[in-house]
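What follows is the content of model.pdb, which has PDB, C-alpha atoms:
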```pdb
ATOM      1  CA  MET K 103      13.379  23.398   4.951
ATOM      2  CA  GLU K 104      11.938  24.920   1.779
ATOM      3  CA  ASN K 105      13.825  27.206  -0.584
ATOM      4  CA  ARG K 106      12.295  30.647  -1.051
ATOM      5  CA  ALA K 107      10.661  30.125  -4.472
ATOM      6  CA  ALA K 108       9.132  26.761  -3.594
ATOM      7  CA  GLY K 109       8.092  28.122  -0.206
ATOM      8  CA  ALA K 110       6.091  30.959  -1.749
ATOM      9  CA  VAL K 111       4.150  28.582  -3.989
ATOM     10  CA  LYS K 112       3.531  26.180  -1.132
ATOM     11  CA  ASP K 113       2.343  28.957   1.170
ATOM     12  CA  GLU K 114      -0.327  29.929  -1.355
ATOM     13  CA  TRP K 115      -1.494  26.336  -1.586
ATOM     14  CA  ARG K 116      -1.553  26.098   2.207
ATOM     15  CA  ARG K 117      -3.749  29.184   2.471
ATOM     16  CA  ARG K 118      -6.186  27.938  -0.148
ATOM     17  CA  MET K 119      -6.446  24.395   1.146
ATOM     18  CA  ALA K 120      -6.695  25.409   4.808
ATOM     19  CA  GLU K 121      -9.798  27.391   3.829
ATOM     20  CA  VAL K 122     -11.257  24.322   2.117
ATOM     21  CA  ARG K 123     -10.694  22.173   5.177
ATOM     22  CA  ASP K 124     -11.872  24.817   7.630
ATOM     23  CA  ARG K 125     -15.181  25.183   5.784
ATOM     24  CA  LEU K 126     -16.124  21.632   6.740
ATOM     25  CA  SER K 127     -18.486  21.568   9.710
ATOM     26  CA  GLN K 128     -17.528  19.632  12.824
ATOM     27  CA  ALA K 129     -20.250  17.105  12.039
ATOM     28  CA  GLU K 130     -18.804  16.598   8.541
ATOM     29  CA  ARG K 131     -15.293  16.204   9.952
ATOM     30  CA  ASP K 132     -16.455  13.632  12.494
ATOM     31  CA  ARG K 133     -18.419  11.660   9.896
ATOM     32  CA  MET K 134     -15.618  11.627   7.330
ATOM     33  CA  SER K 135     -12.955  10.818   9.934
ATOM     34  CA  ALA K 136     -14.955   7.827  11.177
ATOM     35  CA  LYS K 137     -15.468   6.578   7.618
ATOM     36  CA  LEU K 138     -11.795   7.147   6.782
ATOM     37  CA  CYS K 139     -10.676   5.154   9.821
ATOM     38  CA  ALA K 140     -13.055   2.280   9.030
ATOM     39  CA  LEU K 141     -11.860   2.105   5.421
ATOM     40  CA  LEU K 142      -8.205   2.126   6.467
ATOM     41  CA  GLU K 143      -8.786  -0.597   9.061
ATOM     42  CA  SER K 144     -10.580  -2.897   6.623
ATOM     43  CA  GLY K 145      -8.488  -2.051   3.565
ATOM     44  CA  ALA K 146      -4.982  -1.933   5.026
ATOM     45  CA  LEU K 147      -4.514  -2.773   8.695
ATOM     46  CA  SER K 148      -6.614  -5.945   8.938
ATOM     47  CA  PRO K 149      -5.060  -7.465   5.785
ATOM     48  CA  LEU K 150      -1.570  -6.575   6.990
ATOM     49  CA  ARG K 151      -2.173  -8.203  10.384
ATOM     50  CA  ARG K 152      -3.268 -11.377   8.602
ATOM     51  CA  GLU K 153      -0.283 -11.248   6.236
ATOM     52  CA  LEU K 154       2.268 -10.749   9.011
ATOM     53  CA  GLY K 155       0.521 -12.966  11.567
ATOM     54  CA  ARG K 156       1.087 -10.510  14.404
ATOM     55  CA  PRO K 157      -0.071  -7.192  15.872
ATOM     56  CA  LEU K 158       1.149  -4.102  14.065
ATOM     57  CA  GLY K 159       3.325  -1.147  14.963
ATOM     58  CA  VAL K 160       1.298   1.924  13.952
ATOM     59  CA  CYS K 161       2.251   5.597  14.215
ATOM     60  CA  ALA K 162      -0.630   8.091  14.385
ATOM     61  CA  TYR K 163      -1.330  11.559  15.738
ATOM     62  CA  ALA K 164      -4.070  13.574  17.426
ATOM     63  CA  PRO K 165      -5.875  16.063  15.148
ATOM     64  CA  PHE K 166      -5.056  19.761  15.280
ATOM     65  CA  ARG K 167      -7.634  22.373  14.290
ATOM     66  CA  SER K 168      -9.617  20.983  11.336
ATOM     67  CA  GLU K 169      -7.414  17.951  10.548
ATOM     68  CA  ALA K 170      -8.923  14.548   9.869
ATOM     69  CA  SER K 171      -8.912  12.563  13.102
ATOM     70  CA  PRO K 172      -7.261   9.138  13.281
ATOM     71  CA  LEU K 173      -8.355   8.669  16.908
ATOM     72  CA  PRO K 174     -11.116   6.140  16.087
ATOM     73  CA  LEU K 175      -8.447   4.071  14.340
ATOM     74  CA  VAL K 176      -6.056   4.502  17.279
ATOM     75  CA  GLU K 177      -8.735   3.093  19.574
ATOM     76  CA  ALA K 178      -9.346   0.163  17.222
ATOM     77  CA  CYS K 179      -5.606  -0.563  17.048
ATOM     78  CA  LEU K 180      -5.232  -0.518  20.822
ATOM     79  CA  ASN K 181      -8.181  -2.900  21.128
ATOM     80  CA  ALA K 182      -6.590  -5.178  18.510
ATOM     81  CA  GLY K 183      -3.360  -5.377  20.520
ATOM     82  CA  ASP K 184      -1.272  -3.285  18.145
ATOM     83  CA  ARG K 185       1.574  -1.159  19.442
ATOM     84  CA  VAL K 186       0.501   2.412  18.773
ATOM     85  CA  TYR K 187       2.888   5.349  18.655
ATOM     86  CA  ALA K 188       2.505   9.067  18.138
ATOM     87  CA  THR K 189       4.871  11.857  17.215
ATOM     88  CA  ARG K 190       6.182  14.450  19.645
ATOM     89  CA  MET K 191       8.514  17.375  18.993
ATOM     90  CA  ARG K 192      12.019  16.626  20.242
ATOM     91  CA  THR K 193      13.360  18.913  22.959
ATOM     92  CA  ASP K 194      15.878  20.379  20.519
ATOM     93  CA  GLY K 195      13.000  21.371  18.230
ATOM     94  CA  GLU K 196      14.771  19.868  15.221
ATOM     95  CA  GLY K 197      12.708  16.741  14.661
ATOM     96  CA  LEU K 198      10.112  14.296  15.913
ATOM     97  CA  GLU K 199      10.396  11.478  18.404
ATOM     98  CA  LEU K 200       7.964   8.580  18.713
ATOM     99  CA  ARG K 201       6.231   7.672  21.969
ATOM    100  CA  GLU K 202       4.109   4.614  22.673
ATOM    101  CA  LEU K 203       0.480   5.165  23.601
ATOM    102  CA  GLY K 204      -1.213   2.888  26.095
ATOM    103  CA  GLU K 205      -4.536   4.718  25.976
ATOM    104  CA  LEU K 206      -6.333   7.456  24.067
ATOM    105  CA  SER K 207      -6.297  10.226  26.682
ATOM    106  CA  VAL K 208      -2.565  10.978  26.886
ATOM    107  CA  TRP K 209      -2.384  14.242  24.935
ATOM    108  CA  VAL K 210      -0.977  17.594  26.024
ATOM    109  CA  PRO K 211      -0.517  20.804  23.975
ATOM    110  CA  GLY K 212       2.880  21.031  22.311
ATOM    111  CA  LYS K 213       4.457  23.678  20.126
ATOM    112  CA  TRP K 214       1.821  25.889  18.447
ATOM    113  CA  GLY K 215      -0.789  24.018  20.496
ATOM    114  CA  VAL K 216      -0.421  20.806  18.488
ATOM    115  CA  PRO K 217      -1.508  17.800  20.619
ATOM    116  CA  GLU K 218       1.407  15.563  21.578
ATOM    117  CA  PRO K 219       1.820  12.482  23.780
ATOM    118  CA  ASP K 220       2.351  13.445  27.412
ATOM    119  CA  PRO K 221       6.005  12.558  28.162
ATOM    120  CA  GLN K 222       5.022  11.763  31.750
ATOM    121  CA  ARG K 223       2.545   9.091  30.642
ATOM    122  CA  THR K 224       4.187   7.647  27.519
ATOM    123  CA  SER K 225       7.494   5.957  26.788
ATOM    124  CA  LEU K 226      10.040   6.846  24.114
ATOM    125  CA  ILE K 227      10.507   4.011  21.620
ATOM    126  CA  GLU K 228      13.791   2.779  20.262
ATOM    127  CA  ALA K 229      14.833   3.950  16.811
ATOM    128  CA  THR K 230      14.856   0.339  15.608
ATOM    129  CA  ALA K 231      11.361  -0.540  16.870
ATOM    130  CA  VAL K 232       9.145  -2.214  14.264
ATOM    131  CA  LEU K 233       6.996   0.366  12.521
ATOM    132  CA  ASP K 234       4.603  -1.063   9.962
ATOM    133  CA  ILE K 235       2.437   1.960   9.180
ATOM    134  CA  VAL K 236       2.837   5.718   9.622
ATOM    135  CA  LEU K 237      -0.218   7.941   9.183
ATOM    136  CA  VAL K 238       0.945  11.191   7.619
ATOM    137  CA  PRO K 239      -1.094  14.389   8.041
ATOM    138  CA  GLY K 240      -0.954  17.230   5.556
ATOM    139  CA  ILE K 241      -2.775  20.224   4.176
ATOM    140  CA  ALA K 242      -3.194  18.904   0.599
ATOM    141  CA  PHE K 243      -2.519  15.765  -1.449
ATOM    142  CA  ASN K 244      -2.973  14.602  -5.018
ATOM    143  CA  ALA K 245      -3.742  11.258  -6.639
ATOM    144  CA  THR K 246      -0.150  10.677  -7.773
ATOM    145  CA  GLY K 247       1.313  10.765  -4.266
ATOM    146  CA  GLY K 248       2.087  14.451  -3.895
ATOM    147  CA  ARG K 249       1.785  15.887  -0.409
ATOM    148  CA  LEU K 250       1.885  19.387   0.983
ATOM    149  CA  GLY K 251       2.813  19.581   4.666
ATOM    150  CA  TYR K 252       2.947  22.528   7.013
ATOM    151  CA  GLY K 253       6.393  23.815   6.107
ATOM    152  CA  GLY K 254       8.567  22.574   8.951
ATOM    153  CA  GLY K 255       9.775  19.409   7.221
ATOM    154  CA  TYR K 256       9.269  17.322  10.371
ATOM    155  CA  TYR K 257       7.720  14.287   8.687
ATOM    156  CA  ASP K 258      10.275  14.508   5.862
ATOM    157  CA  ARG K 259      13.086  14.246   8.420
ATOM    158  CA  LEU K 260      11.329  11.446  10.307
ATOM    159  CA  TYR K 261      10.994   9.574   7.008
ATOM    160  CA  ALA K 262      14.707   9.994   6.268
ATOM    161  CA  GLU K 263      15.686   8.925   9.794
ATOM    162  CA  ARG K 264      13.524   5.812   9.757
ATOM    163  CA  ARG K 265      14.891   4.726   6.370
ATOM    164  CA  ARG K 266      18.443   4.987   7.735
ATOM    165  CA  GLU K 267      17.792   3.301  11.063
ATOM    166  CA  THR K 268      15.531   0.344  10.232
ATOM    167  CA  GLN K 269      15.619  -2.518   7.776
ATOM    168  CA  GLY K 270      11.904  -3.370   7.890
ATOM    169  CA  ARG K 271       9.250  -2.241   5.437
ATOM    170  CA  THR K 272       7.151   0.714   6.546
ATOM    171  CA  LEU K 273       4.048   1.999   4.776
ATOM    172  CA  TRP K 274       3.737   5.794   4.838
ATOM    173  CA  ILE K 275       0.079   6.608   4.248
ATOM    174  CA  GLY K 276      -1.379  10.066   3.797
ATOM    175  CA  PHE K 277      -4.455  10.586   5.957
ATOM    176  CA  ALA K 278      -6.936  13.232   4.817
ATOM    177  CA  TYR K 279     -10.465  14.198   3.859
ATOM    178  CA  SER K 280     -11.388  13.708   0.213
ATOM    179  CA  ALA K 281     -11.884  17.499   0.044
ATOM    180  CA  GLN K 282      -8.105  17.883   0.489
ATOM    181  CA  ILE K 283      -7.298  16.002  -2.731
ATOM    182  CA  ILE K 284      -6.525  18.142  -5.761
ATOM    183  CA  GLU K 285      -5.907  17.306  -9.420
ATOM    184  CA  GLU K 286      -3.030  19.722  -9.919
ATOM    185  CA  ALA K 287       0.613  18.816  -9.372
ATOM    186  CA  LEU K 288       1.866  19.963  -5.993
ATOM    187  CA  PRO K 289       5.283  21.651  -5.731
ATOM    188  CA  SER K 290       7.887  19.192  -4.485
ATOM    189  CA  GLU K 291      11.517  19.106  -3.433
ATOM    190  CA  ALA K 292      14.109  16.332  -3.327
ATOM    191  CA  HIS K 293      13.821  15.875   0.448
ATOM    192  CA  ASP K 294      10.012  15.387   0.470
ATOM    193  CA  LEU K 295       8.861  12.025   1.793
ATOM    194  CA  GLU K 296       7.353   9.546  -0.661
ATOM    195  CA  LEU K 297       3.925   8.240   0.259
ATOM    196  CA  ASP K 298       3.113   4.567  -0.247
ATOM    197  CA  GLY K 299      -0.601   5.261  -0.133
ATOM    198  CA  LEU K 300      -3.289   7.859   0.471
ATOM    199  CA  ALA K 301      -6.356   7.173   2.615
ATOM    200  CA  THR K 302      -9.453   9.360   2.486
ATOM    201  CA  ASP K 303     -13.127   8.939   3.298
ATOM    202  CA  GLU K 304     -13.567   7.783  -0.319
ATOM    203  CA  GLY K 305     -11.022   4.966  -0.172
ATOM    204  CA  ILE K 306      -7.310   4.113  -0.373
ATOM    205  CA  VAL K 307      -4.987   4.758  -3.303
ATOM    206  CA  TRP K 308      -1.687   2.852  -3.430
ATOM    207  CA  PHE K 309       1.360   4.176  -5.243
ATOM    208  CA  GLY K 310       3.481   1.024  -5.424
ATOM    209  CA  ARG K 311       6.306   2.430  -3.300
ATOM    210  CA  ARG K 312       7.955   0.552  -0.454
ATOM    211  CA  ASP K 313      10.758   1.295   1.989
ATOM    212  CA  SER K 314      13.927  -0.617   1.331
TER     213      SER K 314
END
```
Structure encoded using structure tokens:
Amino acid sequence: MENRAAGAVKDEWRRRMAEVRDRLSQAERDRMSAKLCALLESGALSPLRRELGRPLGVCAYAPFRSEASPLPLVEACLNAGDRVYATRMRTDGEGLELRELGELSVWVPGKWGVPEPDPQRTSLIEATAVLDIVLVPGIAFNATGGRLGYGGGYYDRLYAERRRETQGRTLWIGFAYSAQIIEEALPSEAHDLELDGLATDEGIVWFGRRDS
């Protein structure tokens, strides 16, 4: 969780950037999300499938409010034979669990109304399951790998857990509209996850980081 001083700065950024994102029309969101997904498929997922010689393990999410939607990419991954996962709040409320999706229409409202995989129609994956790519939502990003989340630290904890529990390389990629990218430095703390890349409707930026 955030300390008080950092939290106040981040809350102001969240307010400002939520307004930027919310001003996008639904048509603009749909267009940019489709372009974002196509760029990520051609620029990251397809090359990685060829490099590894197998289907991928991909973690995504369903969009909430005005978030960029990865659902076109989820559909493409399912059609390509990838194993696709999505995050769901754990019953203790302290972190995220990953559930495997077999189809697109498996979402139910979770905490705060955030779409989550239906536990009755999806299976919980093992902590050591291969996870090649995680799509990371957020409210704001910058071109040096900074990310501003929603304040709960859920993806930060998932990042820490996955680094402890697996030996494979995972790419953590921010997923956002280009309108969410700012030039200023974003406030950060030691526990914040480190992005390997940032995908927007204008392309992919890589930061040269890899899980160990």
Can you tell me, as a ChimeraX atom specification, what residues are no more than 6 Å from region 162-176 of chain K when counting only C-alpha atoms, ignoring any on the same chain fewer than 2 positions away? /K:124,135,139,178-179,188,216-217,237,278
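The set of protein, DNA and RNA residues with any counted atom at most 12 Å from (4.1, 8.2, -4.4) (all atoms listed in the file) reads Phe243, Asn244, Ala245, Thr246, Gly247, Gly248, Arg249, Leu273, Trp274, Ile275, Gly276, Ser290, Asp294, Leu295, Glu296, Leu297, Asp298, Gly299, Leu300, Val307, Trp308, Phe309, Gly310, Arg311, Arg312 and Asp313 of chain K.
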Selection export as a PDB file, in the coordinates of the input, atoms kept: C-alpha atoms:
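Produced file out-v1.pdb, reproduced below:
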```
ATOM      1  CA  PHE K 243      -2.519  15.765  -1.449  1.00  0.00           C
ATOM      2  CA  ASN K 244      -2.973  14.602  -5.018  1.00  0.00           C
ATOM      3  CA  ALA K 245      -3.742  11.258  -6.639  1.00  0.00           C
ATOM      4  CA  THR K 246      -0.150  10.677  -7.773  1.00  0.00           C
ATOM      5  CA  GLY K 247       1.313  10.765  -4.266  1.00  0.00           C
ATOM      6  CA  GLY K 248       2.087  14.451  -3.895  1.00  0.00           C
ATOM      7  CA  ARG K 249       1.785  15.887  -0.409  1.00  0.00           C
ATOM      8  CA  LEU K 273       4.048   1.999   4.776  1.00  0.00           C
ATOM      9  CA  TRP K 274       3.737   5.794   4.838  1.00  0.00           C
ATOM     10  CA  ILE K 275       0.079   6.608   4.248  1.00  0.00           C
ATOM     11  CA  GLY K 276      -1.379  10.066   3.797  1.00  0.00           C
ATOM     12  CA  SER K 290       7.887  19.192  -4.485  1.00  0.00           C
ATOM     13  CA  ASP K 294      10.012  15.387   0.470  1.00  0.00           C
ATOM     14  CA  LEU K 295       8.861  12.025   1.793  1.00  0.00           C
ATOM     15  CA  GLU K 296       7.353   9.546  -0.661  1.00  0.00           C
ATOM     16  CA  LEU K 297       3.925   8.240   0.259  1.00  0.00           C
ATOM     17  CA  ASP K 298       3.113   4.567  -0.247  1.00  0.00           C
ATOM     18  CA  GLY K 299      -0.601   5.261  -0.133  1.00  0.00           C
ATOM     19  CA  LEU K 300      -3.289   7.859   0.471  1.00  0.00           C
ATOM     20  CA  VAL K 307      -4.987   4.758  -3.303  1.00  0.00           C
ATOM     21  CA  TRP K 308      -1.687   2.852  -3.430  1.00  0.00           C
ATOM     22  CA  PHE K 309       1.360   4.176  -5.243  1.00  0.00           C
ATOM     23  CA  GLY K 310       3.481   1.024  -5.424  1.00  0.00           C
ATOM     24  CA  ARG K 311       6.306   2.430  -3.300  1.00  0.00           C
ATOM     25  CA  ARG K 312       7.955   0.552  -0.454  1.00  0.00           C
ATOM     26  CA  ASP K 313      10.758   1.295   1.989  1.00  0.00           C
TER      27      ASP K 313
END
```
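Residues within 7 Å of region 195-208 of chain K, counting all atoms listed in the file and excluding same-chain residues fewer than 4 positions away, are Glu177, Val186, Tyr187, Ala188, Thr189, Arg190, Met191, Pro219, Asp220, Arg223, Thr224, Ser225, Leu226, Ile227, Tyr256, Arg259 and Leu260 of chain K.
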Applied to the shown file, which residues does the PyMOL selection byres ((chain K and resi 141) around 12) return, written as a CSV table (one decimal) with C-alpha atoms, keeping the file's coordinate frame?
```csv
chain,number,residue,atom,x,y,z
K,134,MET,CA,-15.6,11.6,7.3
K,135,SER,CA,-13.0,10.8,9.9
K,136,ALA,CA,-15.0,7.8,11.2
K,137,LYS,CA,-15.5,6.6,7.6
K,138,LEU,CA,-11.8,7.1,6.8
K,139,CYS,CA,-10.7,5.2,9.8
K,140,ALA,CA,-13.1,2.3,9.0
K,142,LEU,CA,-8.2,2.1,6.5
K,143,GLU,CA,-8.8,-0.6,9.1
K,144,SER,CA,-10.6,-2.9,6.6
K,145,GLY,CA,-8.5,-2.1,3.6
K,146,ALA,CA,-5.0,-1.9,5.0
K,147,LEU,CA,-4.5,-2.8,8.7
K,148,SER,CA,-6.6,-5.9,8.9
K,149,PRO,CA,-5.1,-7.5,5.8
K,172,PRO,CA,-7.3,9.1,13.3
K,174,PRO,CA,-11.1,6.1,16.1
K,175,LEU,CA,-8.4,4.1,14.3
K,277,PHE,CA,-4.5,10.6,6.0
K,300,LEU,CA,-3.3,7.9,0.5
K,301,ALA,CA,-6.4,7.2,2.6
K,302,THR,CA,-9.5,9.4,2.5
K,303,ASP,CA,-13.1,8.9,3.3
K,304,GLU,CA,-13.6,7.8,-0.3
K,305,GLY,CA,-11.0,5.0,-0.2
K,306,ILE,CA,-7.3,4.1,-0.4
K,307,VAL,CA,-5.0,4.8,-3.3
```
Can you list what the PyMOL selection byres ((chain K and resi 113) around 12) grabs from this structure, as a list in words?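 Given this file, the PyMOL selection byres ((chain K and resi 113) around 12) evaluates to Glu104, Asn105, Arg106, Ala107, Ala108, Gly109, Ala110, Val111, Lys112, Glu114, Trp115, Arg116, Arg117, Arg118, Met119, Ala120, Ile241, Ala242, Leu250, Gly251, Tyr252, Gly253, Gly254, Leu288 and Pro289 of chain K.
Coordinates place CA of Ala281 (chain K) at a distance of 13.2 Å from CA of Arg133 (chain K).
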Output of the PyMOL selection byres ((chain K and resi 231) around 12), listed as a VMD selection string: chain K and resid 158 to 161 185 to 187 200 to 202 226 to 230 232 to 234 264 267 to 272
Using CA of Gly255 (chain K) and CA of His293 (chain K) as the two end points, give the distance in Å to one decimal.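 Answer for the CA of Gly255 (chain K) to CA of His293 (chain K) separation: 8.6 Å.
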How many Å lie between CA of Pro239 (chain K) and CA of Gln282 (chain K), rounded to one decimal?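 Computing the Euclidean distance for CA of Pro239 (chain K) and CA of Gln282 (chain K) yields 10.9 Å.
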Emit as lines of an AutoDock Vina configuration file the padded axis-aligned box for all listed atoms of region 185-203 of chain K, 4 Å per side, with centre and edge lengths in Å to one decimal.
```
center_x = 8.2
center_y = 10.1
center_z = 19.1
size_x = 23.4
size_y = 30.5
size_z = 16.9
```
